[in-house]
$ cat target_2.pdb   # PDB, C-alpha atoms and all ligand atoms
ATOM      1  CA  MET A 110      50.298 -24.098 -72.834
ATOM      2  CA  MET A 111      48.239 -24.112 -76.043
ATOM      3  CA  ALA A 112      47.736 -27.243 -78.056
ATOM      4  CA  SER A 113      46.989 -25.598 -81.349
ATOM      5  CA  ASN A 114      46.863 -27.588 -84.560
ATOM      6  CA  ARG A 115      50.085 -25.954 -85.586
ATOM      7  CA  GLN A 116      51.884 -27.658 -82.742
ATOM      8  CA  VAL A 117      50.512 -31.141 -83.343
ATOM      9  CA  ASN A 118      50.932 -31.404 -87.098
ATOM     10  CA  SER A 119      53.983 -33.274 -88.239
ATOM     11  CA  ASN A 120      56.011 -30.476 -89.737
ATOM     12  CA  THR A 121      59.751 -30.777 -89.382
ATOM     13  CA  GLU A 122      60.017 -28.233 -86.648
ATOM     14  CA  SER A 123      57.639 -29.882 -84.215
ATOM     15  CA  VAL A 124      58.918 -33.393 -84.989
ATOM     16  CA  ASP A 125      62.438 -32.160 -84.246
ATOM     17  CA  ASN A 126      61.306 -30.596 -80.982
ATOM     18  CA  TYR A 127      59.692 -33.831 -79.821
ATOM     19  CA  LEU A 128      62.758 -35.889 -80.676
ATOM     20  CA  LYS A 129      65.038 -33.426 -78.923
ATOM     21  CA  ALA A 130      62.827 -33.356 -75.815
ATOM     22  CA  ILE A 131      62.776 -37.175 -75.633
ATOM     23  CA  LEU A 132      66.572 -37.244 -75.996
ATOM     24  CA  ALA A 133      66.975 -34.721 -73.164
ATOM     25  CA  LEU A 134      64.492 -36.382 -70.802
ATOM     26  CA  SER A 135      65.747 -39.933 -71.329
ATOM     27  CA  GLY A 136      69.145 -38.956 -69.906
ATOM     28  CA  PRO A 137      72.447 -40.800 -70.221
ATOM     29  CA  GLU A 138      70.779 -44.124 -69.312
ATOM     30  CA  GLU A 139      68.335 -43.716 -72.220
ATOM     31  CA  GLN A 140      65.334 -44.498 -70.031
ATOM     32  CA  SER A 141      61.840 -44.402 -71.480
ATOM     33  CA  VAL A 142      60.045 -41.100 -71.077
ATOM     34  CA  SER A 143      56.440 -40.662 -69.929
ATOM     35  CA  SER A 144      54.078 -38.604 -72.047
ATOM     36  CA  THR A 145      53.291 -36.502 -68.970
ATOM     37  CA  ALA A 146      56.934 -35.475 -68.626
ATOM     38  CA  LEU A 147      57.058 -34.746 -72.340
ATOM     39  CA  ALA A 148      53.877 -32.639 -72.202
ATOM     40  CA  ARG A 149      55.322 -30.637 -69.326
ATOM     41  CA  ARG A 150      58.622 -29.997 -71.087
ATOM     42  CA  LEU A 151      57.029 -29.003 -74.390
ATOM     43  CA  GLY A 152      54.204 -27.000 -72.798
ATOM     44  CA  VAL A 153      51.483 -28.853 -74.723
ATOM     45  CA  ALA A 154      48.389 -30.835 -73.684
ATOM     46  CA  PRO A 155      48.909 -34.561 -72.908
ATOM     47  CA  ALA A 156      46.410 -35.490 -75.643
ATOM     48  CA  SER A 157      48.529 -33.710 -78.257
ATOM     49  CA  VAL A 158      51.564 -35.616 -77.073
ATOM     50  CA  THR A 159      49.826 -38.971 -77.445
ATOM     51  CA  ASN A 160      48.692 -37.993 -80.901
ATOM     52  CA  MET A 161      52.170 -36.968 -82.019
ATOM     53  CA  LEU A 162      53.861 -40.016 -80.483
ATOM     54  CA  GLN A 163      51.522 -42.283 -82.438
ATOM     55  CA  LYS A 164      52.521 -40.482 -85.642
ATOM     56  CA  LEU A 165      56.205 -40.684 -84.820
ATOM     57  CA  ALA A 166      55.879 -44.401 -84.071
ATOM     58  CA  SER A 167      54.059 -45.154 -87.319
ATOM     59  CA  ALA A 168      56.487 -43.232 -89.575
ATOM     60  CA  ARG A 169      58.628 -45.380 -91.902
ATOM     61  CA  PRO A 170      61.240 -45.830 -90.521
ATOM     62  CA  PRO A 171      59.745 -45.127 -87.078
ATOM     63  CA  ASN A 172      61.205 -42.267 -85.056
ATOM     64  CA  VAL A 173      60.184 -43.691 -81.692
ATOM     65  CA  GLU A 174      59.111 -46.872 -79.963
ATOM     66  CA  TYR A 175      55.925 -46.035 -78.115
ATOM     67  CA  GLU A 176      53.559 -47.974 -75.900
ATOM     68  CA  LYS A 177      50.979 -45.903 -74.121
ATOM     69  CA  HIS A 178      51.595 -47.228 -70.620
ATOM     70  CA  ARG A 179      55.323 -47.771 -70.880
ATOM     71  CA  GLY A 180      56.342 -44.426 -72.297
ATOM     72  CA  VAL A 181      58.477 -43.625 -75.305
ATOM     73  CA  ARG A 182      62.039 -44.226 -76.479
ATOM     74  CA  LEU A 183      63.864 -42.965 -79.535
ATOM     75  CA  SER A 184      64.380 -45.466 -82.360
ATOM     76  CA  PRO A 185      67.848 -45.488 -83.974
ATOM     77  CA  GLU A 186      66.482 -43.185 -86.688
ATOM     78  CA  GLY A 187      64.880 -40.840 -84.136
ATOM     79  CA  LYS A 188      68.072 -40.702 -82.110
ATOM     80  CA  ARG A 189      70.126 -39.903 -85.202
ATOM     81  CA  ARG A 190      67.844 -36.990 -86.072
ATOM     82  CA  ALA A 191      67.673 -35.710 -82.477
ATOM     83  CA  LEU A 192      71.473 -35.652 -82.251
ATOM     84  CA  GLU A 193      71.734 -33.904 -85.585
ATOM     85  CA  VAL A 194      69.346 -31.149 -84.482
ATOM     86  CA  LEU A 195      71.172 -30.902 -81.162
ATOM     87  CA  ARG A 196      74.462 -30.529 -83.038
ATOM     88  CA  HIS A 197      72.929 -27.728 -85.102
ATOM     89  CA  HIS A 198      71.542 -26.085 -81.983
ATOM     90  CA  ARG A 199      74.797 -26.113 -80.051
ATOM     91  CA  LEU A 200      76.942 -25.076 -83.031
ATOM     92  CA  ILE A 201      74.616 -22.157 -83.740
ATOM     93  CA  GLU A 202      74.738 -21.112 -80.086
ATOM     94  CA  THR A 203      78.537 -21.210 -80.162
ATOM     95  CA  PHE A 204      78.630 -19.247 -83.404
ATOM     96  CA  LEU A 205      76.286 -16.563 -82.077
ATOM     97  CA  TYR A 206      78.291 -16.285 -78.880
ATOM     98  CA  GLU A 207      81.839 -16.455 -80.259
ATOM     99  CA  ILE A 208      81.515 -14.736 -83.622
ATOM    100  CA  LEU A 209      78.454 -12.504 -83.377
ATOM    101  CA  ASP A 210      78.982 -11.494 -79.721
ATOM    102  CA  PHE A 211      75.465 -12.334 -78.571
ATOM    103  CA  PRO A 212      75.127 -12.365 -74.768
ATOM    104  CA  ILE A 213      74.933 -15.919 -73.425
ATOM    105  CA  GLU A 214      71.345 -15.545 -72.240
ATOM    106  CA  GLU A 215      70.129 -14.766 -75.784
ATOM    107  CA  VAL A 216      71.707 -17.495 -77.892
ATOM    108  CA  HIS A 217      69.284 -20.297 -77.003
ATOM    109  CA  ASP A 218      66.136 -18.646 -78.366
ATOM    110  CA  GLU A 219      67.881 -17.751 -81.622
ATOM    111  CA  ALA A 220      69.215 -21.291 -81.985
ATOM    112  CA  GLU A 221      65.774 -22.795 -81.323
ATOM    113  CA  ARG A 222      64.535 -21.036 -84.437
ATOM    114  CA  LEU A 223      67.473 -21.718 -86.746
ATOM    115  CA  GLU A 224      68.390 -25.295 -85.835
ATOM    116  CA  HIS A 225      65.720 -26.935 -88.027
ATOM    117  CA  PHE A 226      66.638 -25.189 -91.204
ATOM    118  CA  ILE A 227      70.395 -25.000 -91.717
ATOM    119  CA  SER A 228      71.909 -27.206 -94.421
ATOM    120  CA  GLU A 229      74.694 -29.712 -93.905
ATOM    121  CA  ARG A 230      77.000 -27.376 -95.806
ATOM    122  CA  PHE A 231      76.147 -24.467 -93.522
ATOM    123  CA  GLU A 232      76.693 -26.681 -90.469
ATOM    124  CA  GLU A 233      80.110 -27.726 -91.803
ATOM    125  CA  ARG A 234      81.148 -24.109 -92.392
ATOM    126  CA  ILE A 235      80.125 -23.028 -88.915
ATOM    127  CA  ALA A 236      81.999 -25.944 -87.359
ATOM    128  CA  ALA A 237      85.134 -25.206 -89.398
ATOM    129  CA  LYS A 238      85.007 -21.479 -88.642
ATOM    130  CA  LEU A 239      84.818 -22.257 -84.927
ATOM    131  CA  GLY A 240      87.636 -24.822 -85.072
ATOM    132  CA  HIS A 241      85.326 -27.831 -84.529
ATOM    133  CA  PRO A 242      84.378 -26.988 -80.940
ATOM    134  CA  LYS A 243      83.500 -29.768 -78.492
ATOM    135  CA  PHE A 244      81.424 -27.621 -76.121
ATOM    136  CA  ASP A 245      78.825 -24.882 -76.498
ATOM    137  CA  PRO A 246      78.881 -21.686 -74.372
ATOM    138  CA  HIS A 247      76.691 -23.346 -71.719
ATOM    139  CA  GLY A 248      79.277 -26.118 -71.308
ATOM    140  CA  HIS A 249      77.244 -28.813 -73.084
ATOM    141  CA  CYS A 250      78.915 -31.324 -75.400
ATOM    142  CA  ILE A 251      78.328 -30.744 -79.091
ATOM    143  CA  PRO A 252      77.548 -34.088 -80.770
ATOM    144  CA  ALA A 253      80.172 -34.995 -83.383
ATOM    145  CA  MET A 254      79.330 -35.140 -87.093
ATOM    146  CA  ASN A 255      78.744 -38.906 -86.786
ATOM    147  CA  GLY A 256      76.354 -38.341 -83.861
ATOM    148  CA  ARG A 257      78.792 -39.490 -81.215
ATOM    149  CA  MET A 258      78.580 -37.600 -77.949
ATOM    150  CA  PRO A 259      80.754 -38.284 -74.902
ATOM    151  CA  LYS A 260      78.895 -38.670 -71.605
ATOM    152  CA  GLN A 261      79.569 -35.890 -69.129
ATOM    153  CA  ARG A 262      80.365 -36.928 -65.580
ATOM    154  CA  SER A 263      78.994 -33.934 -63.739
ATOM    155  CA  LYS A 264      76.253 -33.915 -61.159
ATOM    156  CA  SER A 265      73.332 -31.606 -60.640
ATOM    157  CA  LEU A 266      73.755 -28.960 -57.962
ATOM    158  CA  ALA A 267      70.281 -29.979 -56.748
ATOM    159  CA  ASN A 268      71.650 -33.422 -55.759
ATOM    160  CA  LEU A 269      74.504 -32.068 -53.683
ATOM    161  CA  ASP A 270      74.442 -33.136 -50.013
ATOM    162  CA  GLY A 271      77.402 -31.357 -48.432
ATOM    163  CA  ASP A 272      79.224 -28.060 -48.824
ATOM    164  CA  GLY A 273      82.418 -27.888 -50.840
ATOM    165  CA  ASP A 274      84.506 -26.496 -53.675
ATOM    166  CA  PHE A 275      83.532 -27.364 -57.207
ATOM    167  CA  VAL A 276      84.001 -26.444 -60.857
ATOM    168  CA  VAL A 277      80.955 -25.531 -62.926
ATOM    169  CA  GLU A 278      80.608 -27.953 -65.807
ATOM    170  CA  SER A 279      77.477 -26.576 -67.447
ATOM    171  CA  VAL A 280      74.543 -24.237 -66.974
ATOM    172  CA  SER A 281      71.087 -24.815 -68.421
ATOM    173  CA  ASP A 282      70.295 -22.858 -71.594
ATOM    174  CA  ARG A 283      66.545 -22.751 -70.944
ATOM    175  CA  ASP A 284      66.138 -19.916 -68.434
ATOM    176  CA  SER A 285      67.590 -16.659 -69.727
ATOM    177  CA  ALA A 286      66.843 -14.658 -66.554
ATOM    178  CA  LEU A 287      68.760 -17.188 -64.486
ATOM    179  CA  LEU A 288      71.643 -17.220 -66.990
ATOM    180  CA  LYS A 289      71.930 -13.474 -66.668
ATOM    181  CA  GLN A 290      72.020 -13.729 -62.902
ATOM    182  CA  LEU A 291      74.650 -16.453 -62.973
ATOM    183  CA  LYS A 292      76.763 -14.373 -65.349
ATOM    184  CA  ALA A 293      76.527 -11.329 -63.042
ATOM    185  CA  HIS A 294      77.995 -13.485 -60.257
ATOM    186  CA  GLY A 295      80.835 -14.867 -62.373
ATOM    187  CA  ILE A 296      79.217 -18.305 -62.654
ATOM    188  CA  ALA A 297      79.867 -19.924 -66.038
ATOM    189  CA  PRO A 298      81.330 -23.207 -67.321
ATOM    190  CA  GLY A 299      84.832 -23.591 -65.884
ATOM    191  CA  SER A 300      84.309 -21.217 -62.908
ATOM    192  CA  ARG A 301      85.453 -22.360 -59.501
ATOM    193  CA  LEU A 302      82.773 -22.210 -56.845
ATOM    194  CA  ARG A 303      82.375 -22.565 -53.124
ATOM    195  CA  VAL A 304      78.941 -24.014 -52.371
ATOM    196  CA  THR A 305      77.240 -23.840 -48.987
ATOM    197  CA  LYS A 306      73.762 -25.097 -48.235
ATOM    198  CA  SER A 307      71.669 -22.813 -46.038
ATOM    199  CA  PRO A 308      69.269 -24.084 -43.356
ATOM    200  CA  GLN A 309      66.434 -23.046 -45.719
ATOM    201  CA  GLU A 310      67.684 -25.543 -48.331
ATOM    202  CA  GLU A 311      69.069 -22.788 -50.534
ATOM    203  CA  PHE A 312      72.410 -23.100 -52.242
ATOM    204  CA  ILE A 313      74.800 -20.218 -51.663
ATOM    205  CA  LEU A 314      77.264 -19.988 -54.542
ATOM    206  CA  LYS A 315      80.398 -17.902 -54.423
ATOM    207  CA  ALA A 316      82.721 -17.889 -57.420
ATOM    208  CA  THR A 317      86.445 -17.303 -56.843
ATOM    209  CA  ARG A 318      87.396 -13.596 -56.850
ATOM    210  CA  GLN A 319      83.745 -12.497 -57.057
ATOM    211  CA  PRO A 320      82.596 -10.013 -54.422
ATOM    212  CA  LYS A 321      79.001 -11.236 -54.144
ATOM    213  CA  SER A 322      77.502 -14.640 -53.556
ATOM    214  CA  LEU A 323      74.293 -15.879 -55.155
ATOM    215  CA  ARG A 324      71.476 -17.732 -53.391
ATOM    216  CA  LEU A 325      69.707 -20.324 -55.504
ATOM    217  CA  ALA A 326      66.488 -22.064 -54.486
ATOM    218  CA  LEU A 327      66.428 -25.855 -54.680
ATOM    219  CA  SER A 328      63.826 -25.607 -57.465
ATOM    220  CA  VAL A 329      66.280 -23.953 -59.875
ATOM    221  CA  ALA A 330      69.474 -25.603 -58.644
ATOM    222  CA  SER A 331      69.297 -28.340 -61.279
ATOM    223  CA  ALA A 332      70.153 -25.672 -63.868
ATOM    224  CA  VAL A 333      73.774 -25.838 -62.697
ATOM    225  CA  ARG A 334      75.916 -28.969 -63.080
ATOM    226  CA  ILE A 335      79.173 -29.299 -61.184
ATOM    227  CA  ARG A 336      82.175 -31.576 -60.793
ATOM    228  CA  SER A 337      84.830 -31.874 -58.108
ATOM    229  CA  SER A 338      87.567 -29.264 -58.312
TER
HETATM  230 ZN    ZN A 401      70.143 -23.934 -76.260
END

$ encode --input "target_2.pdb" --output "structure tokens" --more "lines below"
Ligand SMILES: [Zn+2]
Amino acid sequence: MMASNRQVNSNTESVDNYLKAILALSGPEEQSVSSTALARRLGVAPASVTNMLQKLASARPPNVEYEKHRGVRLSPEGKRRALEVLRHHRLIETFLYEILDFPIEEVHDEAERLEHFISERFEERIAAKLGHPKFDPHGHCIPAMNGRMPKQRSKSLANLDGDGDFVVESVSDRDSALLKQLKAHGIAPGSRLRVTKSPQEEFILKATRQPKSLRLALSVASAVRIRSS
């Protein structure tokens, strides 16, 4: 939760992280994002966020459109860069998982470090080696070279009202302990699941042919996205 000078200066890495966070928080509808939500996601003080957003808005060309009381949106340039970094991130995760046999819960942290620095040539080679994958190991779409990314039609487990059978579309890459737990219960993109909601508002997940079920609290349920089976 530190707002050190290192985090607020405009080096590539922190600019990239802001753009990526805005892309993630604005969702498929590309809504504007509040600086409070951004501060929470990045783990920095709200004042640092304001400071950085002003810099991003005054860059030429601007990376964001920012008005203090209306929140922030990516400019076309900011969106292009955010998608490029996201493509790097997801390709690196896939490479680490498929080729280097990293466990799924470890690829995100490695990719967070490398994504800012790989060249276009390196990116191309990774993509070719992997056969131009469309999804990363968490089930997230990898943006295409031209930045195009299909919208996924899944819904968050947290928004589920009734019990039922579903297919896992994606799992969040941000909580490695949870990823490990999901893996131990056979829950990964493509798994078939029976979901029951307990009276305590917990989700009980049971993957096909798995002996044990997993109880997930409502607070972490948004880490899993599902679609109808
Ligand atoms: Zn990741």

$ resolve_selection --input "target_2.pdb" --expression "the PyMOL selection byres (((not hetatm)) within 12 of (chain A and resi 401))" --output "MDAnalysis selection string"
chainID A and resid 129:130 133 194:203 205:206 213:224 244:251 279:285 288

$ residues_around --input "target_2.pdb" --residues "Arg303 (chain A)" --least-positions-apart "6" --cutoff "12 Å" --atoms "only C-alpha atoms" --output "list in words"
Leu266, Gly271, Asp272, Gly273, Asp274, Phe275, Val276, Val277, Ile296, Phe312, Ile313, Leu314, Lys315, Ala316, Thr317, Arg318, Gln319, Lys321, Ser322, Leu323, Arg324, Ile335, Arg336, Ser337 and Ser338 of chain A

$ closest_residue --input "target_2.pdb" --among "A:Arg190, A:Arg234, A:Lys306, A:Arg301" --to "Glu122 (chain A)" --atoms "all atoms listed in the file"
A:Arg190

$ resolve_selection --input "target_2.pdb" --expression "the PyMOL selection byres (((chain A and resi 174-179) around 8) and not hetatm)" --output "NGL selection string"
:A and (141 or 143 or 159 or 162-163 or 166 or 171-173 or 180-184)

$ atom_distance --input "target_2.pdb" --atom1 "CA of Ala146 (chain A)" --atom2 "CA of Leu134 (chain A)"
7.9 Å

$ closest_residue --input "target_2.pdb" --among "A:Leu269, A:Val304, A:Leu192, A:Leu147" --to "Asn255 (chain A)" --atoms "all atoms listed in the file"
A:Leu192

$ atom_distance --input "target_2.pdb" --atom1 "CA of Glu310 (chain A)" --atom2 "CA of Leu327 (chain A)"
6.5 Å

$ closest_residue --input "target_2.pdb" --among "A:Ala191, A:Val124, A:Leu165, A:Leu302" --to "Glu278 (chain A)" --atoms "all atoms listed in the file"
A:Leu302

$ atom_distance --input "target_2.pdb" --atom1 "CA of Phe231 (chain A)" --atom2 "CA of Pro298 (chain A)"
26.7 Å

$ closest_residue --input "target_2.pdb" --among "A:Gln140, A:Asp125, A:Gln290, A:Pro212" --to "Met161 (chain A)" --atoms "all atoms listed in the file"
A:Asp125

$ decode --input "target_2.pdb" --residues "region 246-268 of chain A" --atoms "N, CA, C and O atoms" --output "CSV table (one decimal), in the first residue's frame"
chain,number,residue,atom,x,y,z
A,246,PRO,N,-3.7,-19.7,-20.2
A,246,PRO,CA,-4.0,-20.9,-19.3
A,246,PRO,C,-5.2,-20.6,-18.3
A,246,PRO,O,-5.7,-21.5,-17.8
A,247,HIS,N,-5.4,-19.3,-18.1
A,247,HIS,CA,-6.6,-19.0,-17.2
A,247,HIS,C,-7.9,-18.9,-17.9
A,247,HIS,O,-8.9,-18.6,-17.3
A,248,GLY,N,-7.8,-19.1,-19.3
A,248,GLY,CA,-9.1,-19.0,-20.1
A,248,GLY,C,-9.4,-17.6,-20.6
A,248,GLY,O,-10.5,-17.4,-21.1
A,249,HIS,N,-8.5,-16.7,-20.5
A,249,HIS,CA,-8.7,-15.3,-20.9
A,249,HIS,C,-8.3,-15.2,-22.4
A,249,HIS,O,-7.2,-15.7,-22.8
A,250,CYS,N,-9.0,-14.4,-23.2
A,250,CYS,CA,-8.7,-14.1,-24.6
A,250,CYS,C,-7.4,-13.4,-24.7
A,250,CYS,O,-7.1,-12.4,-24.0
A,251,ILE,N,-6.5,-13.8,-25.6
A,251,ILE,CA,-5.3,-13.1,-25.9
A,251,ILE,C,-5.6,-12.1,-27.0
A,251,ILE,O,-6.1,-12.5,-28.1
A,252,PRO,N,-5.4,-10.8,-26.8
A,252,PRO,CA,-5.7,-9.8,-27.9
A,252,PRO,C,-4.9,-10.2,-29.1
A,252,PRO,O,-3.7,-10.6,-29.0
A,253,ALA,N,-5.4,-10.0,-30.3
A,253,ALA,CA,-4.7,-10.3,-31.5
A,253,ALA,C,-3.6,-9.3,-31.7
A,253,ALA,O,-3.6,-8.2,-31.1
A,254,MET,N,-2.8,-9.5,-32.7
A,254,MET,CA,-1.7,-8.6,-33.0
A,254,MET,C,-2.2,-7.2,-33.3
A,254,MET,O,-1.6,-6.2,-32.9
A,255,ASN,N,-3.4,-7.1,-34.0
A,255,ASN,CA,-3.9,-5.8,-34.3
A,255,ASN,C,-4.7,-5.2,-33.1
A,255,ASN,O,-5.5,-4.2,-33.3
A,256,GLY,N,-4.7,-5.8,-31.9
A,256,GLY,CA,-5.4,-5.3,-30.8
A,256,GLY,C,-6.8,-5.8,-30.7
A,256,GLY,O,-7.5,-5.5,-29.7
A,257,ARG,N,-7.3,-6.5,-31.6
A,257,ARG,CA,-8.7,-6.9,-31.6
A,257,ARG,C,-8.8,-8.1,-30.5
A,257,ARG,O,-8.0,-8.9,-30.4
A,258,MET,N,-9.9,-8.0,-29.7
A,258,MET,CA,-10.1,-9.0,-28.7
A,258,MET,C,-11.6,-9.3,-28.7
A,258,MET,O,-12.4,-8.4,-28.4
A,259,PRO,N,-12.0,-10.5,-28.9
A,259,PRO,CA,-13.4,-10.9,-28.9
A,259,PRO,C,-14.0,-10.7,-27.5
A,259,PRO,O,-13.2,-11.0,-26.5
A,260,LYS,N,-15.2,-10.3,-27.3
A,260,LYS,CA,-15.8,-10.2,-26.0
A,260,LYS,C,-16.2,-11.6,-25.6
A,260,LYS,O,-16.8,-12.4,-26.4
A,261,GLN,N,-16.0,-11.9,-24.3
A,261,GLN,CA,-16.4,-13.3,-23.8
A,261,GLN,C,-17.8,-13.1,-23.1
A,261,GLN,O,-18.1,-12.1,-22.5
A,262,ARG,N,-18.6,-14.2,-23.3
A,262,ARG,CA,-20.0,-14.1,-22.9
A,262,ARG,C,-20.2,-14.8,-21.6
A,262,ARG,O,-21.3,-15.2,-21.3
A,263,SER,N,-19.2,-15.0,-20.8
A,263,SER,CA,-19.4,-15.7,-19.5
A,263,SER,C,-20.0,-14.8,-18.5
A,263,SER,O,-20.1,-13.6,-18.7
A,264,LYS,N,-20.4,-15.4,-17.3
A,264,LYS,CA,-20.8,-14.5,-16.2
A,264,LYS,C,-20.1,-14.9,-15.0
A,264,LYS,O,-19.6,-16.1,-14.8
A,265,SER,N,-20.0,-14.0,-14.0
A,265,SER,CA,-19.2,-14.2,-12.8
A,265,SER,C,-20.0,-15.2,-11.9
A,265,SER,O,-21.2,-15.0,-11.8
A,266,LEU,N,-19.3,-16.1,-11.3
A,266,LEU,CA,-20.0,-17.0,-10.4
A,266,LEU,C,-20.7,-16.2,-9.3
A,266,LEU,O,-21.7,-16.6,-8.8
A,267,ALA,N,-20.1,-15.1,-8.9
A,267,ALA,CA,-20.7,-14.3,-7.8
A,267,ALA,C,-22.1,-13.8,-8.2
A,267,ALA,O,-22.9,-13.5,-7.3
A,268,ASN,N,-22.4,-13.7,-9.5
A,268,ASN,CA,-23.7,-13.2,-9.9
A,268,ASN,C,-24.7,-14.3,-10.1
A,268,ASN,O,-25.8,-14.0,-10.7
